[in-house]
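start-v3.txt (compact mmCIF, C-alpha atoms and all ligand atoms)
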# COMPACT_ATOMS: atom_id res chain seq x y z
CA MET A 16 -4.58 57.46 -71.14
CA ASN A 17 -7.75 57.73 -73.16
CA ALA A 18 -7.97 56.82 -76.80
CA VAL A 19 -8.49 59.69 -79.18
CA VAL A 20 -10.57 57.96 -81.79
CA GLN A 21 -10.81 60.91 -84.15
CA ALA A 22 -7.61 62.92 -84.48
CA ARG A 23 -9.25 66.27 -85.36
CA PRO A 24 -12.02 67.78 -83.22
CA ASN A 25 -15.43 67.55 -84.86
CA PRO A 26 -18.40 69.33 -83.24
CA ALA A 27 -20.75 66.50 -84.24
CA LEU A 28 -18.75 64.00 -82.16
CA ARG A 29 -18.79 63.45 -78.42
CA ASN A 30 -16.33 62.56 -75.69
CA VAL A 31 -17.72 59.41 -74.11
CA ALA A 32 -16.91 57.59 -70.85
CA ILE A 33 -18.02 54.11 -69.82
CA VAL A 34 -17.93 53.51 -66.07
CA GLY A 35 -17.73 49.75 -65.44
CA ALA A 36 -16.37 49.14 -68.93
CA THR A 37 -14.92 45.72 -68.07
CA GLY A 38 -18.19 44.28 -66.70
CA ALA A 39 -20.87 42.21 -68.42
CA VAL A 40 -22.88 45.32 -69.36
CA GLY A 41 -19.85 47.57 -70.00
CA VAL A 42 -18.45 45.21 -72.63
CA GLU A 43 -21.82 45.25 -74.42
CA ILE A 44 -22.01 49.07 -74.25
CA LEU A 45 -18.66 49.22 -76.02
CA LYS A 46 -19.93 46.83 -78.72
CA CYS A 47 -23.18 48.81 -79.14
CA LEU A 48 -21.30 52.12 -79.54
CA GLU A 49 -19.21 50.53 -82.26
CA ALA A 50 -22.01 48.61 -84.00
CA ARG A 51 -24.34 51.63 -84.03
CA ASN A 52 -21.61 54.01 -85.12
CA PHE A 53 -22.17 56.28 -82.13
CA PRO A 54 -20.51 59.66 -82.81
CA VAL A 55 -17.45 59.15 -80.58
CA GLN A 56 -14.70 61.77 -80.55
CA SER A 57 -12.80 60.18 -77.67
CA LEU A 58 -13.48 57.28 -75.35
CA ARG A 59 -12.53 56.86 -71.71
CA LEU A 60 -12.95 53.39 -70.21
CA LEU A 61 -13.22 53.32 -66.41
CA ALA A 62 -13.26 50.49 -63.89
CA SER A 63 -11.62 49.68 -60.56
CA PRO A 64 -8.19 48.27 -61.32
CA ALA A 65 -6.27 50.03 -64.07
CA GLY A 66 -4.05 48.33 -66.64
CA LYS A 67 -6.48 46.32 -68.76
CA THR A 68 -6.93 47.17 -72.42
CA MET A 69 -10.03 46.84 -74.58
CA THR A 70 -10.53 47.34 -78.32
CA PHE A 71 -12.75 50.00 -79.90
CA ARG A 72 -12.78 50.56 -83.67
CA ASN A 73 -9.53 48.61 -84.00
CA GLN A 74 -7.76 50.80 -81.46
CA LEU A 75 -6.53 49.59 -78.09
CA VAL A 76 -7.96 51.63 -75.21
CA THR A 77 -6.37 51.40 -71.77
CA VAL A 78 -8.86 51.04 -68.91
CA GLU A 79 -8.35 53.73 -66.28
CA ALA A 80 -9.15 53.68 -62.59
CA LEU A 81 -12.28 55.70 -61.80
CA THR A 82 -11.49 58.92 -59.92
CA ARG A 83 -13.23 62.24 -59.25
CA ASP A 84 -11.27 63.70 -62.20
CA SER A 85 -12.41 61.05 -64.68
CA PHE A 86 -15.14 63.22 -66.22
CA ARG A 87 -13.16 66.25 -67.34
CA ASP A 88 -14.27 67.10 -70.92
CA ILE A 89 -16.70 64.17 -71.02
CA ASP A 90 -20.04 64.82 -72.79
CA VAL A 91 -21.75 61.47 -72.24
CA ALA A 92 -21.06 59.07 -69.34
CA LEU A 93 -22.60 55.60 -69.46
CA PHE A 94 -22.54 54.06 -65.97
CA SER A 95 -22.73 50.31 -65.25
CA ALA A 96 -20.70 49.76 -62.11
CA GLY A 97 -23.34 49.23 -59.42
CA SER A 98 -25.51 51.56 -57.35
CA SER A 99 -22.93 52.79 -54.84
CA THR A 100 -20.53 53.84 -57.62
CA SER A 101 -23.37 55.63 -59.45
CA LYS A 102 -24.54 57.40 -56.29
CA GLU A 103 -21.02 58.68 -55.66
CA TYR A 104 -19.81 59.48 -59.16
CA ALA A 105 -22.87 60.33 -61.29
CA PRO A 106 -23.34 63.74 -59.59
CA ILE A 107 -19.61 64.39 -60.07
CA ALA A 108 -19.95 63.62 -63.78
CA VAL A 109 -22.96 65.93 -64.10
CA ALA A 110 -21.13 68.73 -62.27
CA ALA A 111 -18.28 68.30 -64.77
CA GLY A 112 -20.73 68.88 -67.63
CA ALA A 113 -21.57 65.33 -68.71
CA VAL A 114 -24.99 63.80 -69.19
CA VAL A 115 -25.21 60.46 -67.37
CA VAL A 116 -27.16 57.37 -68.45
CA ASP A 117 -27.13 55.05 -65.45
CA ASN A 118 -27.74 51.30 -65.57
CA SER A 119 -27.87 50.84 -61.82
CA SER A 120 -30.95 51.12 -59.62
CA ALA A 121 -29.52 54.16 -57.78
CA PHE A 122 -31.83 56.82 -59.25
CA ARG A 123 -34.60 54.84 -60.94
CA MET A 124 -37.38 55.69 -58.53
CA ASP A 125 -36.23 59.26 -57.90
CA LYS A 126 -39.23 61.35 -58.99
CA ASP A 127 -36.99 63.93 -60.72
CA ILE A 128 -35.00 61.37 -62.74
CA PRO A 129 -36.52 60.01 -65.97
CA LEU A 130 -36.67 56.22 -66.24
CA VAL A 131 -36.66 55.61 -69.95
CA VAL A 132 -37.30 52.91 -72.53
CA PRO A 133 -37.10 54.75 -75.86
CA GLU A 134 -39.87 52.62 -77.45
CA ILE A 135 -42.21 53.50 -74.57
CA ASN A 136 -41.61 56.91 -72.98
CA PRO A 137 -38.99 58.92 -74.90
CA GLY A 138 -40.84 62.12 -73.93
CA ALA A 139 -39.68 61.59 -70.33
CA LEU A 140 -36.23 62.76 -71.48
CA ASP A 141 -37.50 66.34 -71.92
CA GLY A 142 -36.05 68.61 -69.25
CA HIS A 143 -33.96 65.85 -67.65
CA PRO A 144 -31.69 66.96 -64.80
CA GLY A 145 -28.45 65.47 -66.22
CA ILE A 146 -29.02 61.88 -65.08
CA ILE A 147 -31.27 59.44 -66.92
CA ALA A 148 -31.95 56.04 -65.38
CA ASN A 149 -31.99 52.85 -67.43
CA PRO A 150 -34.68 50.53 -66.03
CA ASN A 151 -34.40 47.04 -64.54
CA CYS A 152 -33.83 44.45 -67.26
CA VAL A 153 -37.04 42.47 -66.59
CA ALA A 154 -39.09 45.68 -66.58
CA ILE A 155 -37.65 46.60 -70.00
CA ILE A 156 -38.06 43.14 -71.56
CA ALA A 157 -41.65 42.76 -70.32
CA GLY A 158 -42.50 46.41 -71.03
CA VAL A 159 -41.46 46.57 -74.70
CA PRO A 160 -44.05 44.02 -75.95
CA LEU A 161 -46.73 45.03 -73.42
CA TRP A 162 -46.63 48.70 -74.40
CA PRO A 163 -48.34 48.41 -77.84
CA ILE A 164 -51.14 46.43 -76.21
CA HIS A 165 -51.43 48.87 -73.29
CA ARG A 166 -51.65 51.84 -75.65
CA HIS A 167 -54.53 50.20 -77.52
CA ASN A 168 -56.40 48.64 -74.60
CA ARG A 169 -55.13 49.61 -71.14
CA ILE A 170 -53.57 46.74 -69.20
CA ARG A 171 -54.92 46.96 -65.69
CA ARG A 172 -53.31 43.86 -64.18
CA ILE A 173 -50.12 41.87 -64.87
CA ILE A 174 -49.15 38.50 -63.36
CA ALA A 175 -45.65 37.37 -64.32
CA ALA A 176 -42.89 34.85 -63.62
CA SER A 177 -39.34 35.47 -64.79
CA TYR A 178 -36.67 32.99 -65.83
CA GLN A 179 -33.50 35.05 -65.35
CA ALA A 180 -30.11 34.23 -66.81
CA ALA A 181 -26.72 34.29 -65.08
CA SER A 182 -25.67 37.35 -67.10
CA GLY A 183 -28.17 39.44 -65.15
CA ALA A 184 -25.94 39.02 -62.10
CA GLY A 185 -22.78 40.12 -63.95
CA ALA A 186 -19.67 38.59 -65.45
CA ALA A 187 -18.73 36.70 -62.27
CA ALA A 188 -22.11 34.90 -62.17
CA MET A 189 -21.67 33.83 -65.81
CA SER A 190 -18.30 32.30 -64.85
CA GLU A 191 -19.93 30.61 -61.86
CA LEU A 192 -22.54 28.97 -64.09
CA ARG A 193 -19.86 27.73 -66.52
CA ASP A 194 -17.46 26.52 -63.80
CA SER A 195 -20.11 24.87 -61.61
CA THR A 196 -21.59 23.08 -64.64
CA HIS A 197 -18.16 21.68 -65.60
CA ALA A 198 -17.59 20.62 -61.99
CA TYR A 199 -21.02 18.95 -61.75
CA LEU A 200 -20.52 17.00 -64.99
CA GLU A 201 -17.04 15.91 -63.87
CA GLY A 202 -18.31 14.86 -60.42
CA ARG A 203 -16.19 17.50 -58.64
CA ASP A 204 -17.28 19.58 -55.66
CA TYR A 205 -17.87 23.26 -56.41
CA GLN A 206 -18.08 26.02 -53.84
CA ASN A 207 -20.40 28.78 -55.12
CA LYS A 208 -18.94 32.26 -54.60
CA VAL A 209 -21.29 34.67 -56.37
CA LEU A 210 -24.82 33.31 -56.07
CA PRO A 211 -26.24 31.93 -52.82
CA HIS A 212 -27.21 28.46 -54.07
CA PRO A 213 -25.77 25.73 -56.33
CA TYR A 214 -26.43 26.93 -59.89
CA ALA A 215 -25.65 23.99 -62.17
CA PHE A 216 -28.80 22.02 -63.04
CA ASN A 217 -30.76 24.02 -60.50
CA LEU A 218 -32.96 27.10 -60.23
CA PHE A 219 -33.87 29.28 -57.29
CA SER A 220 -35.86 32.31 -56.20
CA HIS A 221 -34.01 35.51 -57.23
CA ASN A 222 -31.14 36.27 -54.89
CA ALA A 223 -32.27 39.83 -54.00
CA ALA A 224 -33.23 40.22 -50.33
CA VAL A 225 -36.86 39.48 -49.40
CA ASP A 226 -38.93 42.34 -47.97
CA PRO A 227 -40.49 40.88 -44.79
CA LEU A 228 -43.52 43.15 -45.10
CA THR A 229 -44.66 42.07 -48.58
CA GLY A 230 -42.78 38.78 -49.04
CA TYR A 231 -41.54 40.02 -52.42
CA ASN A 232 -37.81 40.17 -53.09
CA GLY A 233 -35.98 43.33 -54.18
CA GLU A 234 -35.93 42.34 -57.84
CA GLU A 235 -39.69 41.73 -57.86
CA LEU A 236 -40.40 45.08 -56.19
CA LYS A 237 -38.17 46.88 -58.72
CA VAL A 238 -39.97 45.30 -61.69
CA MET A 239 -43.40 46.24 -60.34
CA ASP A 240 -42.51 49.82 -59.30
CA GLU A 241 -40.51 50.55 -62.44
CA THR A 242 -43.13 49.17 -64.84
CA ARG A 243 -45.69 51.57 -63.36
CA LYS A 244 -43.24 54.50 -63.62
CA ILE A 245 -42.22 53.75 -67.24
CA PHE A 246 -45.84 53.28 -68.32
CA GLY A 247 -46.82 56.45 -66.43
CA ASP A 248 -49.65 54.47 -64.89
CA PRO A 249 -49.34 54.11 -61.10
CA THR A 250 -52.51 52.04 -60.75
CA ILE A 251 -51.53 48.97 -62.81
CA ALA A 252 -51.93 45.99 -60.46
CA MET A 253 -48.94 43.67 -60.71
CA SER A 254 -47.44 40.57 -59.15
CA ILE A 255 -44.23 38.84 -60.28
CA THR A 256 -42.13 35.89 -59.15
CA CYS A 257 -38.47 36.30 -60.18
CA VAL A 258 -36.42 33.13 -60.59
CA ARG A 259 -32.76 32.64 -61.46
CA VAL A 260 -32.35 29.82 -64.02
CA PRO A 261 -29.16 28.14 -65.32
CA VAL A 262 -29.20 29.98 -68.65
CA LEU A 263 -26.06 31.89 -69.56
CA ARG A 264 -27.61 34.89 -71.27
CA ALA A 265 -31.10 36.35 -71.99
CA HIS A 266 -34.11 36.39 -69.69
CA ALA A 267 -37.54 34.88 -70.38
CA ILE A 268 -40.83 35.94 -68.76
CA ALA A 269 -44.27 34.31 -68.64
CA LEU A 270 -46.91 37.04 -68.64
CA THR A 271 -50.64 37.06 -67.97
CA ILE A 272 -52.34 40.39 -68.57
CA GLU A 273 -55.84 41.64 -67.95
CA CYS A 274 -56.97 44.51 -70.17
CA GLU A 275 -59.74 47.01 -69.57
CA GLN A 276 -61.71 45.76 -72.61
CA PRO A 277 -61.97 42.29 -74.16
CA ILE A 278 -59.02 41.41 -76.41
CA THR A 279 -58.36 38.40 -78.63
CA PRO A 280 -54.99 36.74 -79.30
CA ALA A 281 -55.34 37.76 -82.96
CA GLU A 282 -55.78 41.41 -81.99
CA ALA A 283 -52.74 41.23 -79.71
CA ARG A 284 -50.63 39.59 -82.44
CA ALA A 285 -51.66 42.32 -84.87
CA LEU A 286 -50.50 44.94 -82.37
CA LEU A 287 -47.21 43.12 -81.78
CA ILE A 288 -46.28 42.55 -85.42
CA GLY A 289 -44.25 45.54 -86.48
CA ALA A 290 -44.17 47.10 -82.99
CA GLU A 291 -40.84 48.85 -82.37
CA GLY A 292 -38.31 46.57 -80.66
CA VAL A 293 -40.56 43.48 -80.84
CA LYS A 294 -40.35 40.28 -82.89
CA LEU A 295 -43.33 37.90 -82.94
CA VAL A 296 -42.20 34.25 -82.62
CA ASP A 297 -45.47 32.35 -82.33
CA ASP A 298 -45.35 29.14 -84.39
CA GLN A 299 -47.90 26.87 -82.72
CA ALA A 300 -47.71 24.16 -85.41
CA ASN A 301 -44.03 23.61 -84.74
CA ASN A 302 -44.15 24.47 -81.04
CA TYR A 303 -41.58 27.18 -81.71
CA PHE A 304 -41.72 30.09 -79.31
CA PRO A 305 -39.31 32.61 -77.75
CA MET A 306 -36.17 31.06 -76.28
CA PRO A 307 -33.18 32.69 -74.54
CA ARG A 308 -30.79 31.06 -77.02
CA ASP A 309 -32.61 32.75 -79.91
CA ALA A 310 -32.90 36.07 -78.05
CA SER A 311 -29.18 36.20 -77.20
CA GLY A 312 -27.35 38.80 -79.25
CA GLN A 313 -30.57 40.40 -80.56
CA GLY A 314 -31.84 43.87 -79.79
CA ASP A 315 -35.49 42.87 -80.27
CA VAL A 316 -37.63 41.25 -77.58
CA LEU A 317 -39.16 37.96 -78.81
CA VAL A 318 -42.83 37.39 -77.95
CA GLY A 319 -45.09 34.41 -78.58
CA ARG A 320 -47.43 31.82 -77.05
CA VAL A 321 -50.08 34.53 -77.28
CA ARG A 322 -53.28 32.88 -76.10
CA LYS A 323 -56.48 33.44 -74.14
CA ASP A 324 -56.23 33.18 -70.38
CA LEU A 325 -58.85 30.47 -69.94
CA SER A 326 -59.22 31.33 -66.26
CA ASP A 327 -60.89 34.64 -67.22
CA PRO A 328 -64.20 34.04 -69.02
CA SER A 329 -64.66 37.79 -69.62
CA GLY A 330 -62.21 37.64 -72.58
CA ARG A 331 -60.11 40.51 -71.21
CA SER A 332 -57.06 38.41 -70.31
CA LEU A 333 -54.21 36.98 -72.37
CA CYS A 334 -51.10 34.90 -71.65
CA MET A 335 -47.80 35.21 -73.53
CA PHE A 336 -44.13 34.31 -73.24
CA VAL A 337 -41.23 36.64 -73.98
CA ALA A 338 -37.44 36.34 -74.19
CA GLY A 339 -34.95 39.19 -74.46
CA ASP A 340 -31.22 39.70 -74.21
CA GLN A 341 -31.01 41.61 -70.97
CA LEU A 342 -27.37 42.56 -71.53
CA LEU A 343 -28.52 44.30 -74.74
CA LYS A 344 -32.11 45.58 -74.63
CA GLY A 345 -32.24 45.12 -70.85
CA ALA A 346 -29.12 47.23 -70.29
CA ALA A 347 -26.42 48.27 -72.81
CA LEU A 348 -28.52 48.77 -75.94
CA ASN A 349 -31.28 50.64 -74.10
CA ALA A 350 -28.65 52.94 -72.53
CA VAL A 351 -27.02 53.66 -75.89
CA GLN A 352 -30.44 54.27 -77.50
CA ILE A 353 -31.15 56.82 -74.75
CA ALA A 354 -27.78 58.51 -75.38
CA GLU A 355 -28.55 58.64 -79.12
CA ARG A 356 -31.88 60.37 -78.43
CA LEU A 357 -30.20 62.86 -76.10
CA LEU A 358 -27.72 63.80 -78.81
CA ARG A 359 -30.47 64.13 -81.39
CA SER A 360 -32.45 66.48 -79.14
CA ARG A 361 -29.32 68.58 -78.40
CA ASP A 362 -28.32 68.98 -82.08
N1 LIG A 401 -26.12 42.39 -66.03
C1 LIG A 401 -27.27 42.88 -66.43
O1 LIG A 401 -28.00 42.26 -67.19
C2 LIG A 401 -27.73 44.22 -65.96
C3 LIG A 401 -28.93 44.70 -66.45
C4 LIG A 401 -29.38 45.95 -66.05
C5 LIG A 401 -28.61 46.67 -65.18
N2 LIG A 401 -27.45 46.18 -64.70
C6 LIG A 401 -26.68 46.99 -63.77
O2 LIG A 401 -25.46 47.36 -64.40
C7 LIG A 401 -24.43 47.43 -63.43
C8 LIG A 401 -23.28 46.54 -63.86
O3 LIG A 401 -23.72 45.21 -63.97
P1 LIG A 401 -22.82 44.08 -64.62
O4 LIG A 401 -23.71 42.93 -64.75
O5 LIG A 401 -22.08 44.59 -65.79
O6 LIG A 401 -21.76 43.80 -63.43
P2 LIG A 401 -20.27 43.22 -63.52
O7 LIG A 401 -20.12 42.29 -64.63
O8 LIG A 401 -19.98 42.76 -62.14
O9 LIG A 401 -19.39 44.52 -63.83
C9 LIG A 401 -19.21 45.57 -62.90
C10 LIG A 401 -18.31 46.61 -63.50
O10 LIG A 401 -18.23 47.69 -62.57
C11 LIG A 401 -16.86 47.95 -62.28
N3 LIG A 401 -16.76 48.42 -60.90
C12 LIG A 401 -17.23 47.82 -59.80
N4 LIG A 401 -16.95 48.58 -58.71
C13 LIG A 401 -16.29 49.66 -59.16
C14 LIG A 401 -15.74 50.81 -58.53
N5 LIG A 401 -15.82 51.00 -57.21
N6 LIG A 401 -15.12 51.73 -59.30
C15 LIG A 401 -15.03 51.55 -60.65
N7 LIG A 401 -15.53 50.48 -61.30
C16 LIG A 401 -16.16 49.55 -60.55
C17 LIG A 401 -16.16 46.64 -62.50
O11 LIG A 401 -14.82 46.88 -62.75
P3 LIG A 401 -13.66 45.85 -62.28
O12 LIG A 401 -13.92 44.61 -63.05
O13 LIG A 401 -12.44 46.57 -62.66
O14 LIG A 401 -13.88 45.71 -60.80
C18 LIG A 401 -16.89 46.14 -63.76
O15 LIG A 401 -16.39 46.81 -64.87
C19 LIG A 401 -25.06 47.07 -62.11
O16 LIG A 401 -25.46 48.25 -61.45
C20 LIG A 401 -26.27 46.26 -62.51
O17 LIG A 401 -27.29 46.31 -61.54
C21 LIG A 401 -26.98 44.97 -65.07
Can the structure from this file be put into structure tokens for me?
Amino acid sequence: MNAVVQARPNPALRNVAIVGATGAVGVEILKCLEARNFPVQSLRLLASPAGKTMTFRNQLVTVEALTRDSFRDIDVALFSAGSSTSKEYAPIAVAAGAVVVDNSSAFRMDKDIPLVVPEINPGALDGHPGIIANPNCVAIIAGVPLWPIHRHNRIRRIIAASYQAASGAGAAAMSELRDSTHAYLEGRDYQNKVLPHPYAFNLFSHNAAVDPLTGYNGEELKVMDETRKIFGDPTIAMSITCVRVPVLRAHAIALTIECEQPITPAEARALLIGAEGVKLVDDQANNYFPMPRDASGQGDVLVGRVRKDLSDPSGRSLCMFVAGDQLLKGAALNAVQIAERLLRSRD
């Protein structure tokens, strides 16, 4: 049973479905729809086992099992249930008349599917084929503060290292970090079930499979390919090392960029202050810079430690450090912002 949020039909409102509603991203999508007052007529929450309930605008909504019939009368379907579920069910949702915003990697590099960060390439939504892909969380969090610089002075090379939180691997990985930390502090053995290595008081190379040809893992390849697609600039040179760190929520990324023309830290700060979706946190006197704890729960990406790359005497390179809540801007919030833009362009 789906919850009818508004009793009387209203043409300005939409029937919305969340696929993967009970997951780490799905829960945040639900919160974003509520917090941003998304025009919801009715809401259908979908996951694998039925029977759970969730709350939306003070109403209990029963989670339904996902089936081929789940998208009847749905206008907007927000998917966050993994690639195989998206590959199977997103085309079914589109055939039923819904527009799909997909958080998985299933369609991101498909040349006909827009890969969108509203602050960067909203124009890519024009003429979409019914599915819009939400990018990889690291690509979004790095891309939002790099875009105002790139627009002003093209970035031709990016070197990065990520510090990725448990939440990026889903709700079960967050539980594994909590449980293994308790066990470690209490001197108990803990058998990891979700991530491949002990997580408490440890860090390790991202758990995506390593491509034997390049030596980069799947996460690193996604970030590099997707950044080029979102920026619409296939020739940006990029190298990233993705690392899983024992942080519960919000990713951080160390970035070194080389621009086409010389650029000073002051110029970069001026471009970042007031840029959409960005908050400058760059207090050198107090050594206060972006941190995952501060970024958690915020829609903005924090950026700071903006400084010259002393290894490049040409003056074209800068270093900076960013932190962003990847469950929000890296996933749920970005997806809801895309859906909002789609509705605006339809009305
Ligand atoms: N976590 C992030 O920061 C992040 C960022 C960007 C993109 N993403 C992408 O978003 C997706 C979800 O990630 P997550 O972190 O939210 O994972 P998660 O916490 O593991 O949640 C997965 C959700 O998908 C549902 N699900 C799984 N298999 C299903 C199936 N066969 N049919 C119906 N529902 C199914 C689960 O429902 P049950 O609990 O009922 O099984 C749960 O609601 C993934 O594709 C991920 O790559 C995640």
Query raised in the report: Quick one: residues within 8 Å of ligand LIG 401 (chain A), with all atoms listed in the file, as a ChimeraX atom specification?
Result: /A:34-42,61-65,80-81,94-101,117-120,149-152,182-187,341-343,345-347
Query raised in the report: From the list A:Ala188, A:Ile155, A:Ala175, A:Ala354, which residue is nearest A:Leu333 when using only C-alpha atoms?
Result: A:Ala175
Query raised in the report: Could you pull the residues within 9 Å of A:Phe86, counting all atoms listed in the file, minus those fewer than 3 positions along the same chain, as a ChimeraX atom specification?
Result: /A:32,59,82-83,89-90,92,107-109,111-113
So that I have them on file, write out the residues from the current selection with C-alpha atoms, as a short mmCIF file (atom, residue, chain, number, x, y, z; two decimals), in the frame of the given file.
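Written file, result.cif:
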data_model
loop_
_atom_site.label_atom_id
_atom_site.label_comp_id
_atom_site.auth_asym_id
_atom_site.auth_seq_id
_atom_site.Cartn_x
_atom_site.Cartn_y
_atom_site.Cartn_z
CA ALA A 32 -16.91 57.59 -70.85
CA ARG A 59 -12.53 56.86 -71.71
CA THR A 82 -11.49 58.92 -59.92
CA ARG A 83 -13.23 62.24 -59.25
CA ILE A 89 -16.70 64.17 -71.02
CA ASP A 90 -20.04 64.82 -72.79
CA ALA A 92 -21.06 59.07 -69.34
CA ILE A 107 -19.61 64.39 -60.07
CA ALA A 108 -19.95 63.62 -63.78
CA VAL A 109 -22.96 65.93 -64.10
CA ALA A 111 -18.28 68.30 -64.77
CA GLY A 112 -20.73 68.88 -67.63
CA ALA A 113 -21.57 65.33 -68.71
#
Query raised in the report: In Å, with one decimal, what is the gap from atom CA of A:Lys126 to atom CA of A:Gly158?
Result: 19.5 Å
Requested in this report: Have a look at atom CA of A:Ser254 and atom CA of A:Trp162 and let me know their distance in Å, one decimal.
Outcome: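 Interatomic distance here is 17.3 Å.
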**Report entry** Residue contacts of A:Ala338 (7 Å, all atoms listed in the file) excluding same-chain residues fewer than 4 positions away, as an MDAnalysis selection string
**Finding:** chainID A and resid 265:268 305:307 310 316:318
Write the residues of the preceding selection, restricted to C-alpha atoms, as a PDB file, in the frame of the given file.
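Saved as out24.pdb:
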ATOM      1  CA  ALA A 265     -31.100  36.350 -71.990  1.00  0.00           C
ATOM      2  CA  HIS A 266     -34.110  36.390 -69.690  1.00  0.00           C
ATOM      3  CA  ALA A 267     -37.540  34.880 -70.380  1.00  0.00           C
ATOM      4  CA  ILE A 268     -40.830  35.940 -68.760  1.00  0.00           C
ATOM      5  CA  PRO A 305     -39.310  32.610 -77.750  1.00  0.00           C
ATOM      6  CA  MET A 306     -36.170  31.060 -76.280  1.00  0.00           C
ATOM      7  CA  PRO A 307     -33.180  32.690 -74.540  1.00  0.00           C
ATOM      8  CA  ALA A 310     -32.900  36.070 -78.050  1.00  0.00           C
ATOM      9  CA  VAL A 316     -37.630  41.250 -77.580  1.00  0.00           C
ATOM     10  CA  LEU A 317     -39.160  37.960 -78.810  1.00  0.00           C
ATOM     11  CA  VAL A 318     -42.830  37.390 -77.950  1.00  0.00           C
TER      12      VAL A 318
END
Requested in this report: Name the closest residue to A:Leu161 among the candidates A:Glu191, A:Glu355, A:Glu273, A:Asp240; distances are taken between atoms, counting only C-alpha atoms.
Outcome: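 The answer is A:Glu273, which sits nearest to A:Leu161.
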**Report entry** Among the residues A:Val260, A:Val76, A:Ala181, A:Ile245, the one that comes closest to A:Leu218 [using all atoms listed in the file]
**Finding:**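 Distance minimum relative to A:Leu218 lands on A:Val260.
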Requested in this report: Figure out the distance between atom CA of A:Ile174 and atom CA of A:Arg308, please, to one decimal in Å.
Outcome: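 Here the two named atoms are 24.1 Å from each other.
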Report task. Up to 12 Å from (-38.4, 44.9, -55.2) in the file's coordinates: name the residues, counting only C-alpha atoms, as a PyMOL selection string. Result -> chain A and resi 120+124+151+153-154+221-242+253-257
Could you save the residues just selected, with C-alpha atoms, as an mmCIF file, in the frame of the given file?
data_model
loop_
_atom_site.group_PDB
_atom_site.id
_atom_site.type_symbol
_atom_site.label_atom_id
_atom_site.label_comp_id
_atom_site.auth_asym_id
_atom_site.auth_seq_id
_atom_site.Cartn_x
_atom_site.Cartn_y
_atom_site.Cartn_z
ATOM 1 C CA SER A 120 -30.950 51.120 -59.620
ATOM 2 C CA MET A 124 -37.380 55.690 -58.530
ATOM 3 C CA ASN A 151 -34.400 47.040 -64.540
ATOM 4 C CA VAL A 153 -37.040 42.470 -66.590
ATOM 5 C CA ALA A 154 -39.090 45.680 -66.580
ATOM 6 C CA HIS A 221 -34.010 35.510 -57.230
ATOM 7 C CA ASN A 222 -31.140 36.270 -54.890
ATOM 8 C CA ALA A 223 -32.270 39.830 -54.000
ATOM 9 C CA ALA A 224 -33.230 40.220 -50.330
ATOM 10 C CA VAL A 225 -36.860 39.480 -49.400
ATOM 11 C CA ASP A 226 -38.930 42.340 -47.970
ATOM 12 C CA PRO A 227 -40.490 40.880 -44.790
ATOM 13 C CA LEU A 228 -43.520 43.150 -45.100
ATOM 14 C CA THR A 229 -44.660 42.070 -48.580
ATOM 15 C CA GLY A 230 -42.780 38.780 -49.040
ATOM 16 C CA TYR A 231 -41.540 40.020 -52.420
ATOM 17 C CA ASN A 232 -37.810 40.170 -53.090
ATOM 18 C CA GLY A 233 -35.980 43.330 -54.180
ATOM 19 C CA GLU A 234 -35.930 42.340 -57.840
ATOM 20 C CA GLU A 235 -39.690 41.730 -57.860
ATOM 21 C CA LEU A 236 -40.400 45.080 -56.190
ATOM 22 C CA LYS A 237 -38.170 46.880 -58.720
ATOM 23 C CA VAL A 238 -39.970 45.300 -61.690
ATOM 24 C CA MET A 239 -43.400 46.240 -60.340
ATOM 25 C CA ASP A 240 -42.510 49.820 -59.300
ATOM 26 C CA GLU A 241 -40.510 50.550 -62.440
ATOM 27 C CA THR A 242 -43.130 49.170 -64.840
ATOM 28 C CA MET A 253 -48.940 43.670 -60.710
ATOM 29 C CA SER A 254 -47.440 40.570 -59.150
ATOM 30 C CA ILE A 255 -44.230 38.840 -60.280
ATOM 31 C CA THR A 256 -42.130 35.890 -59.150
ATOM 32 C CA CYS A 257 -38.470 36.300 -60.180
#
